[in-house]
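Okay, work-v8.cif now, which holds mmCIF, C-alpha atoms:
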```cif
data_target
#
loop_
_atom_site.label_atom_id
_atom_site.label_comp_id
_atom_site.auth_asym_id
_atom_site.auth_seq_id
_atom_site.Cartn_x
_atom_site.Cartn_y
_atom_site.Cartn_z
CA CYS G 1 4.24 3.55 -12.27
CA LEU G 2 1.85 5.27 -9.87
CA GLU G 3 -1.48 6.27 -11.41
CA LYS G 4 -3.75 9.16 -10.46
CA ASN G 5 -6.69 6.75 -10.49
CA ALA G 6 -5.11 3.60 -9.09
CA LEU G 7 -6.89 0.51 -10.33
CA PRO G 8 -7.09 -2.82 -8.46
CA THR G 9 -5.85 -5.63 -10.69
CA ASP G 10 -8.97 -7.73 -10.00
CA VAL G 11 -11.64 -5.35 -11.31
CA PHE G 12 -11.59 -7.12 -14.70
CA GLY G 13 -12.82 -10.51 -13.48
CA PHE G 14 -10.77 -13.32 -15.04
CA ASN G 15 -8.63 -10.73 -16.84
CA THR G 16 -5.97 -8.65 -15.07
CA GLY G 17 -5.08 -4.95 -14.98
CA THR G 18 -1.59 -3.47 -15.18
CA ASP G 19 -1.18 -1.82 -11.78
CA VAL G 20 1.50 -3.19 -9.43
CA ASN G 21 2.17 -2.73 -5.72
CA ASP G 22 3.91 0.49 -4.70
CA TYR G 23 7.60 0.16 -3.92
CA GLY G 24 7.98 -1.40 -0.45
CA SER G 25 4.27 -2.20 0.00
CA LEU G 26 2.96 -5.64 0.96
CA SER G 27 -0.43 -7.21 0.27
CA ALA G 28 -2.05 -10.62 0.71
CA SER G 29 -4.88 -12.37 -1.10
CA VAL G 30 -6.87 -15.59 -0.98
CA THR G 31 -8.55 -16.70 -4.21
CA TYR G 32 -11.09 -19.49 -4.77
CA ASN G 33 -11.89 -20.79 -8.23
CA GLY G 34 -14.73 -23.24 -8.80
CA ALA G 35 -15.58 -25.06 -12.03
CA TYR G 36 -18.89 -26.91 -12.29
CA ALA G 37 -20.24 -28.70 -15.35
CA THR G 38 -22.32 -31.58 -16.61
CA ARG G 39 -21.94 -33.65 -19.77
CA PHE G 40 -22.64 -37.38 -19.49
CA GLY G 41 -22.51 -36.96 -15.72
CA SER G 42 -21.17 -34.32 -13.33
CA PHE G 43 -17.93 -32.45 -12.74
CA ALA G 44 -16.73 -30.19 -9.92
CA GLY G 45 -13.27 -28.69 -9.58
CA HIS G 46 -11.93 -26.50 -6.77
CA THR G 47 -8.76 -24.43 -6.48
CA VAL G 48 -7.61 -22.25 -3.57
CA THR G 49 -4.61 -19.92 -3.84
CA GLY G 50 -2.94 -17.89 -1.08
CA GLN G 51 -0.51 -15.22 -2.25
CA ILE G 52 1.75 -12.55 -0.75
CA SER G 53 2.69 -9.69 -3.12
CA TYR G 54 5.53 -7.24 -2.46
CA GLY G 55 6.69 -4.12 -4.29
CA LEU G 56 10.30 -5.25 -4.66
CA LEU G 57 11.44 -2.29 -6.78
CA PRO G 58 9.72 0.66 -8.45
CA CYS G 59 7.47 -0.85 -11.14
CA VAL G 60 8.37 -4.41 -10.03
CA GLU G 61 6.14 -6.72 -7.97
CA ILE G 62 6.99 -10.22 -6.76
CA GLY G 63 4.32 -12.63 -5.47
CA PRO G 64 5.06 -16.13 -4.09
CA TYR G 65 2.00 -18.30 -3.51
CA VAL G 66 0.72 -21.73 -2.47
CA ILE G 67 -2.02 -23.53 -4.37
CA GLY G 68 -4.15 -26.61 -3.81
CA GLY G 69 -7.40 -28.17 -4.87
CA GLY G 70 -9.35 -31.18 -5.98
CA VAL G 71 -11.57 -32.62 -8.69
CA ASN G 72 -14.65 -34.84 -8.58
CA ASN G 73 -15.54 -36.20 -12.00
CA GLY G 74 -18.67 -38.32 -12.42
CA GLY G 75 -18.61 -38.26 -16.21
CA ALA G 76 -18.70 -41.05 -18.76
CA LEU G 77 -14.89 -41.28 -18.89
CA GLY G 78 -14.90 -42.54 -15.31
CA LEU G 79 -11.78 -40.64 -14.28
CA GLY G 80 -13.00 -40.25 -10.71
CA ASN G 81 -11.40 -38.00 -8.10
CA GLY G 82 -8.06 -36.25 -7.82
CA GLY G 83 -6.17 -33.69 -5.81
CA PHE G 84 -3.16 -31.42 -6.17
CA ILE G 85 -0.98 -29.16 -4.03
CA GLY G 86 2.01 -27.01 -4.83
CA GLY G 87 3.21 -23.47 -5.23
CA GLY G 88 4.81 -20.93 -7.45
CA VAL G 89 5.95 -17.36 -7.85
CA GLU G 90 4.59 -14.50 -9.97
CA GLY G 91 6.63 -11.54 -11.14
CA LYS G 92 5.28 -8.33 -12.67
CA LEU G 93 7.13 -5.56 -14.47
CA LYS G 94 5.12 -2.45 -15.36
CA LEU G 95 6.53 -0.98 -18.55
CA LEU G 96 4.03 1.82 -19.32
CA GLY G 97 1.71 3.90 -17.13
CA ARG G 98 -1.77 5.11 -18.08
CA ASP G 99 -1.19 8.67 -16.86
CA THR G 100 2.11 9.03 -18.72
CA HIS G 101 1.47 7.07 -21.92
CA GLY G 102 -2.33 6.91 -22.15
CA VAL G 103 -2.23 3.13 -21.81
CA GLY G 104 -0.88 0.77 -19.16
CA LEU G 105 1.38 -2.16 -20.10
CA THR G 106 2.70 -4.86 -17.74
CA PHE G 107 4.71 -8.01 -18.40
CA ASP G 108 3.82 -10.93 -16.12
CA LEU G 109 5.60 -14.26 -15.56
CA ILE G 110 4.38 -17.22 -13.48
CA VAL G 111 6.42 -20.33 -12.64
CA GLN G 112 4.45 -23.08 -10.86
CA GLY G 113 4.78 -26.70 -9.82
CA VAL G 114 2.19 -29.03 -8.25
CA GLY G 115 2.04 -32.64 -7.15
CA ASN G 116 -0.97 -34.67 -8.26
CA SER G 117 -2.79 -37.65 -6.72
CA GLY G 118 -5.92 -39.67 -7.49
CA ASN G 119 -7.42 -41.38 -10.52
CA PHE G 120 -8.33 -38.14 -12.30
CA PHE G 121 -4.65 -37.19 -12.81
CA ALA G 122 -3.26 -40.71 -13.38
CA PRO G 123 -0.62 -41.43 -14.59
CA THR G 124 0.65 -37.87 -14.04
CA LYS G 125 2.69 -37.48 -10.84
CA SER G 126 3.40 -33.77 -11.12
CA THR G 127 2.69 -30.81 -13.36
CA TYR G 128 4.80 -27.72 -14.05
CA ASP G 129 3.79 -24.48 -15.73
CA VAL G 130 5.64 -21.46 -17.10
CA VAL G 131 3.20 -18.70 -18.10
CA PRO G 132 4.40 -15.45 -19.69
CA ALA G 133 1.67 -12.84 -20.19
CA ILE G 134 1.07 -9.28 -21.32
CA PHE G 135 -1.57 -7.09 -19.63
CA ILE G 136 -2.84 -3.86 -21.20
CA ASP G 137 -5.41 -1.46 -19.75
CA LYS G 138 -6.77 2.00 -20.52
CA GLU G 139 -8.94 4.58 -18.78
CA LEU G 140 -11.78 5.14 -21.25
CA ILE G 141 -13.83 7.56 -19.08
CA SER G 142 -11.86 9.32 -16.35
CA GLY G 143 -12.43 7.62 -13.01
CA LYS G 144 -15.34 5.58 -14.39
CA LEU G 145 -14.82 3.21 -17.32
CA TYR G 146 -11.74 1.04 -17.89
CA GLY G 147 -10.83 -1.54 -20.51
CA ALA G 148 -8.26 -4.34 -20.45
CA LEU G 149 -6.64 -6.76 -22.89
CA ASN G 150 -4.70 -9.88 -21.84
CA ALA G 151 -2.60 -12.40 -23.76
CA SER G 152 -0.81 -15.38 -22.21
CA TYR G 153 0.68 -18.76 -23.14
CA ASP G 154 0.85 -21.57 -20.59
CA PHE G 155 3.78 -23.94 -21.20
CA ASN G 156 2.59 -27.09 -19.39
CA PHE G 157 4.87 -30.04 -18.57
CA ARG G 158 3.65 -33.29 -17.02
CA ASN G 159 5.81 -35.90 -15.33
CA SER G 160 4.28 -39.23 -16.38
CA VAL G 161 4.55 -42.40 -14.28
CA VAL G 162 4.23 -44.54 -17.41
CA LEU G 163 6.60 -42.68 -19.72
CA GLY G 164 9.00 -41.57 -17.02
CA ASP G 165 9.61 -38.28 -18.79
CA PHE G 166 7.84 -35.05 -19.67
CA SER G 167 5.11 -34.56 -22.24
CA ASP G 168 4.23 -30.97 -22.99
CA THR G 169 1.19 -29.03 -24.10
CA GLY G 170 0.43 -25.32 -24.31
CA VAL G 171 -2.63 -23.16 -23.74
CA LEU G 172 -3.04 -19.78 -25.46
CA ARG G 173 -5.40 -17.33 -23.74
CA LEU G 174 -6.70 -14.12 -25.30
CA GLY G 175 -8.91 -11.98 -23.07
CA ALA G 176 -10.71 -8.64 -22.98
CA ALA G 177 -12.78 -6.90 -20.31
CA LEU G 178 -14.63 -3.72 -19.42
CA SER G 179 -15.19 -2.45 -15.88
CA TYR G 180 -17.33 0.51 -14.79
CA GLN G 181 -17.04 2.17 -11.37
CA ILE G 182 -20.63 2.88 -10.25
CA VAL G 183 -19.54 4.43 -6.94
CA ASP G 184 -16.12 4.65 -5.30
CA GLY G 185 -14.80 1.13 -4.85
CA PHE G 186 -17.66 -0.73 -6.57
CA PHE G 187 -17.12 -1.94 -10.14
CA VAL G 188 -19.29 -3.95 -12.51
CA GLY G 189 -18.37 -5.12 -15.98
CA VAL G 190 -18.05 -7.97 -18.44
CA ASP G 191 -15.13 -10.07 -19.65
CA VAL G 192 -14.50 -12.63 -22.37
CA ASN G 193 -11.69 -15.18 -22.75
CA HIS G 194 -10.74 -17.48 -25.61
CA TYR G 195 -8.52 -20.51 -25.00
CA ARG G 196 -6.74 -22.81 -27.46
CA ARG G 197 -4.79 -25.90 -26.38
CA TYR G 198 -1.90 -27.24 -28.45
CA ARG G 199 0.46 -30.19 -28.40
CA GLY G 200 3.91 -28.72 -27.90
CA PHE G 201 4.50 -25.09 -28.84
CA PHE G 202 1.64 -24.25 -31.25
CA GLY G 203 1.65 -27.83 -32.56
CA ASP G 204 -1.48 -29.90 -33.22
CA GLU G 205 -4.60 -28.17 -31.89
CA LEU G 206 -6.22 -30.26 -29.15
CA GLY G 207 -9.30 -28.13 -28.41
CA TYR G 208 -10.65 -24.67 -27.73
CA ALA G 209 -13.15 -22.87 -25.52
CA THR G 210 -14.63 -19.38 -25.13
CA THR G 211 -16.06 -17.96 -21.90
CA LEU G 212 -18.16 -14.82 -21.43
CA GLY G 213 -19.69 -13.39 -18.29
CA PRO G 214 -20.16 -10.52 -15.84
CA ASN G 215 -17.65 -9.43 -13.22
CA PHE G 216 -18.03 -7.55 -9.93
CA TYR G 217 -15.51 -5.94 -7.60
CA TRP G 218 -16.11 -4.31 -4.21
CA GLN G 219 -13.49 -2.44 -2.20
CA ALA G 220 -15.22 -2.89 1.18
CA THR G 221 -12.58 -0.95 3.19
CA PRO G 222 -9.27 0.75 2.30
CA LYS G 223 -7.50 -2.50 3.23
CA LEU G 224 -10.06 -5.17 2.28
CA ALA G 225 -11.69 -6.00 -1.04
#
```

Translate the structure of the given file into structure tokens.
Amino acid sequence: CLEKNALPTDVFGFNTGTDVNDYGSLSASVTYNGAYATRFGSFAGHTVTGQISYGLLPCVEIGPYVIGGGVNNGGALGLGNGGFIGGGVEGKLKLLGRDTHGVGLTFDLIVQGVGNSGNFFAPTKSTYDVVPAIFIDKELISGKLYGALNASYDFNFRNSVVLGDFSDTGVLRLGAALSYQIVDGFFVGVDVNHYRRYRGFFGDELGYATTLGPNFYWQATPKLA
């Protein structure tokens, strides 16, 4: 699973590369996601995640994490504010290596649960997600240009106060990204993601969205990025 040109998983922006922690190695990360929008008012959402990742076995990485955040919605629907806190665990299994097979391939699985509060999430008390994903990446120009493809499906279950049971939806994500290493440890690129939300498992389509934008990655020191 070790690559001659090791590639940080975050160089592809909102997409993910295939590399996993070396056997026995430990790393930590803090991630902030912000979503800001306006349509008939204002919207701001914030999510902070703290994760520890460990190379449990050769080609296998395990990463428990805690997650929390909040939403402030001033739109026409009048849903108001909300907050959530919870945790989960992420497991990665690297199946193919770029050096050996010409392309990297990793299977990823996330299991997550959060508790919700506030008007924005009413009447949902808690939300649970199971997210299988496939990550693919390839070295297009040795040591310089890399490409990645991602595919995932988020099985989302909500515990409703009103219904007293679970209603489920699913979100399909298809993503692609390029990342170019200008100098050692500094990458710039672009990534695109397409999302489709369904009722149940590929049932009625509830909506879709496509995002496109630049990404940047800086390895400031050997141990900090």

On this structure, the PyMOL selection byres ((chain G and resi 94) around 10) would catch which residues? List them as a PyMOL selection string, sorted by chain and number. chain G and resi 1+18-20+58-61+92-93+95-97+104-108+134-136

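For the residues G:Gly45, G:Pro8, G:Gly87, G:Gly82, ranking by smallest atom-to-atom distance to Leu224 of chain G using all atoms listed in the file places G:Pro8 first.
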
Run the PyMOL selection byres ((chain G and resi 49) around 7) mentally over the shown coordinates, then write out the matched residues as number ranges by chain, using the chain letters and numbers from the document. G: 30-32, 47-48, 50-51, 65-68

Determine the residue membership of the PyMOL selection byres ((chain G and resi 25) around 12) for the file above and supply it as a PyMOL selection string. chain G and resi 20-24+26-28+52-63

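When only C-alpha atoms are used to compute distances to Ser142 of chain G, the closest of the residues G:His194, G:Lys223, G:Arg98, G:Lys125 turns out to be G:Arg98.
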
Smallest atom-to-atom distance to Gly143 of chain G: which of G:Gly200, G:Gly185, G:Gly175, G:Gly118, using only C-alpha atoms?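 Smallest separation from Gly143 of chain G among the options: G:Gly185.
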
Fewer than 4 positions away in the same chain doesn't count, so skip those; otherwise give me all residues within 9 Å of Thr127 of chain G, counting all atoms listed in the file, as a PyMOL selection string. chain G and resi 112-116+156-159

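Within the 10 Å cut-off around Leu212 of chain G, using all atoms listed in the file and omitting residues fewer than 2 positions from it on the same chain, the listed residues are Phe14, Gly175, Ala176, Ala177, Val190, Asp191, Val192, Asn193, His194, Thr210, Pro214 and Asn215 of chain G.
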
Taking C-alpha atoms for each residue, export the selection above as an mmCIF file, keeping the file's coordinate frame.
```
data_model
loop_
_atom_site.group_PDB
_atom_site.id
_atom_site.type_symbol
_atom_site.label_atom_id
_atom_site.label_comp_id
_atom_site.auth_asym_id
_atom_site.auth_seq_id
_atom_site.Cartn_x
_atom_site.Cartn_y
_atom_site.Cartn_z
ATOM 1 C CA PHE G 14 -10.770 -13.320 -15.040
ATOM 2 C CA GLY G 175 -8.910 -11.980 -23.070
ATOM 3 C CA ALA G 176 -10.710 -8.640 -22.980
ATOM 4 C CA ALA G 177 -12.780 -6.900 -20.310
ATOM 5 C CA VAL G 190 -18.050 -7.970 -18.440
ATOM 6 C CA ASP G 191 -15.130 -10.070 -19.650
ATOM 7 C CA VAL G 192 -14.500 -12.630 -22.370
ATOM 8 C CA ASN G 193 -11.690 -15.180 -22.750
ATOM 9 C CA HIS G 194 -10.740 -17.480 -25.610
ATOM 10 C CA THR G 210 -14.630 -19.380 -25.130
ATOM 11 C CA PRO G 214 -20.160 -10.520 -15.840
ATOM 12 C CA ASN G 215 -17.650 -9.430 -13.220
#
```

Taking the partial coordinates given, rebuild segment 125-144 of chain G to contain N, CA and C atoms; return it as a compact mmCIF listing (two decimals), in the frame of the given file.
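Okay, selection-v2.txt is ready:
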```
# COMPACT_ATOMS: atom_id res chain seq x y z
N LYS G 125 2.27 -37.67 -12.22
CA LYS G 125 2.69 -37.48 -10.84
C LYS G 125 2.76 -36.01 -10.47
N SER G 126 3.24 -35.19 -11.40
CA SER G 126 3.40 -33.77 -11.12
C SER G 126 3.25 -32.97 -12.40
N THR G 127 2.92 -31.71 -12.23
CA THR G 127 2.69 -30.81 -13.36
C THR G 127 3.43 -29.50 -13.11
N TYR G 128 4.05 -28.97 -14.16
CA TYR G 128 4.80 -27.72 -14.05
C TYR G 128 4.34 -26.77 -15.14
N ASP G 129 4.25 -25.49 -14.79
CA ASP G 129 3.79 -24.48 -15.73
C ASP G 129 4.73 -23.28 -15.73
N VAL G 130 4.97 -22.75 -16.92
CA VAL G 130 5.64 -21.46 -17.10
C VAL G 130 4.71 -20.63 -17.97
N VAL G 131 4.25 -19.48 -17.43
CA VAL G 131 3.20 -18.70 -18.10
C VAL G 131 3.64 -17.25 -18.26
N PRO G 132 4.18 -16.87 -19.41
CA PRO G 132 4.40 -15.45 -19.69
C PRO G 132 3.10 -14.81 -20.17
N ALA G 133 2.91 -13.54 -19.81
CA ALA G 133 1.67 -12.84 -20.19
C ALA G 133 1.94 -11.36 -20.37
N ILE G 134 1.08 -10.73 -21.14
CA ILE G 134 1.07 -9.28 -21.32
C ILE G 134 -0.30 -8.76 -20.92
N PHE G 135 -0.33 -7.75 -20.04
CA PHE G 135 -1.57 -7.09 -19.63
C PHE G 135 -1.56 -5.65 -20.14
N ILE G 136 -2.68 -5.23 -20.71
CA ILE G 136 -2.84 -3.86 -21.20
C ILE G 136 -4.15 -3.32 -20.63
N ASP G 137 -4.15 -2.08 -20.15
CA ASP G 137 -5.41 -1.46 -19.75
C ASP G 137 -5.41 0.02 -20.09
N LYS G 138 -6.61 0.59 -20.14
CA LYS G 138 -6.77 2.00 -20.52
C LYS G 138 -7.96 2.60 -19.81
N GLU G 139 -7.84 3.85 -19.39
CA GLU G 139 -8.94 4.58 -18.78
C GLU G 139 -9.75 5.21 -19.90
N LEU G 140 -10.95 4.69 -20.14
CA LEU G 140 -11.78 5.14 -21.25
C LEU G 140 -12.62 6.35 -20.87
N ILE G 141 -13.15 6.39 -19.64
CA ILE G 141 -13.83 7.56 -19.08
C ILE G 141 -13.19 7.82 -17.73
N SER G 142 -12.66 9.02 -17.54
CA SER G 142 -11.86 9.32 -16.35
C SER G 142 -12.56 8.92 -15.05
N GLY G 143 -11.92 8.04 -14.30
CA GLY G 143 -12.43 7.62 -13.01
C GLY G 143 -13.64 6.72 -13.06
N LYS G 144 -14.10 6.35 -14.27
CA LYS G 144 -15.34 5.58 -14.39
C LYS G 144 -15.19 4.28 -15.17
```
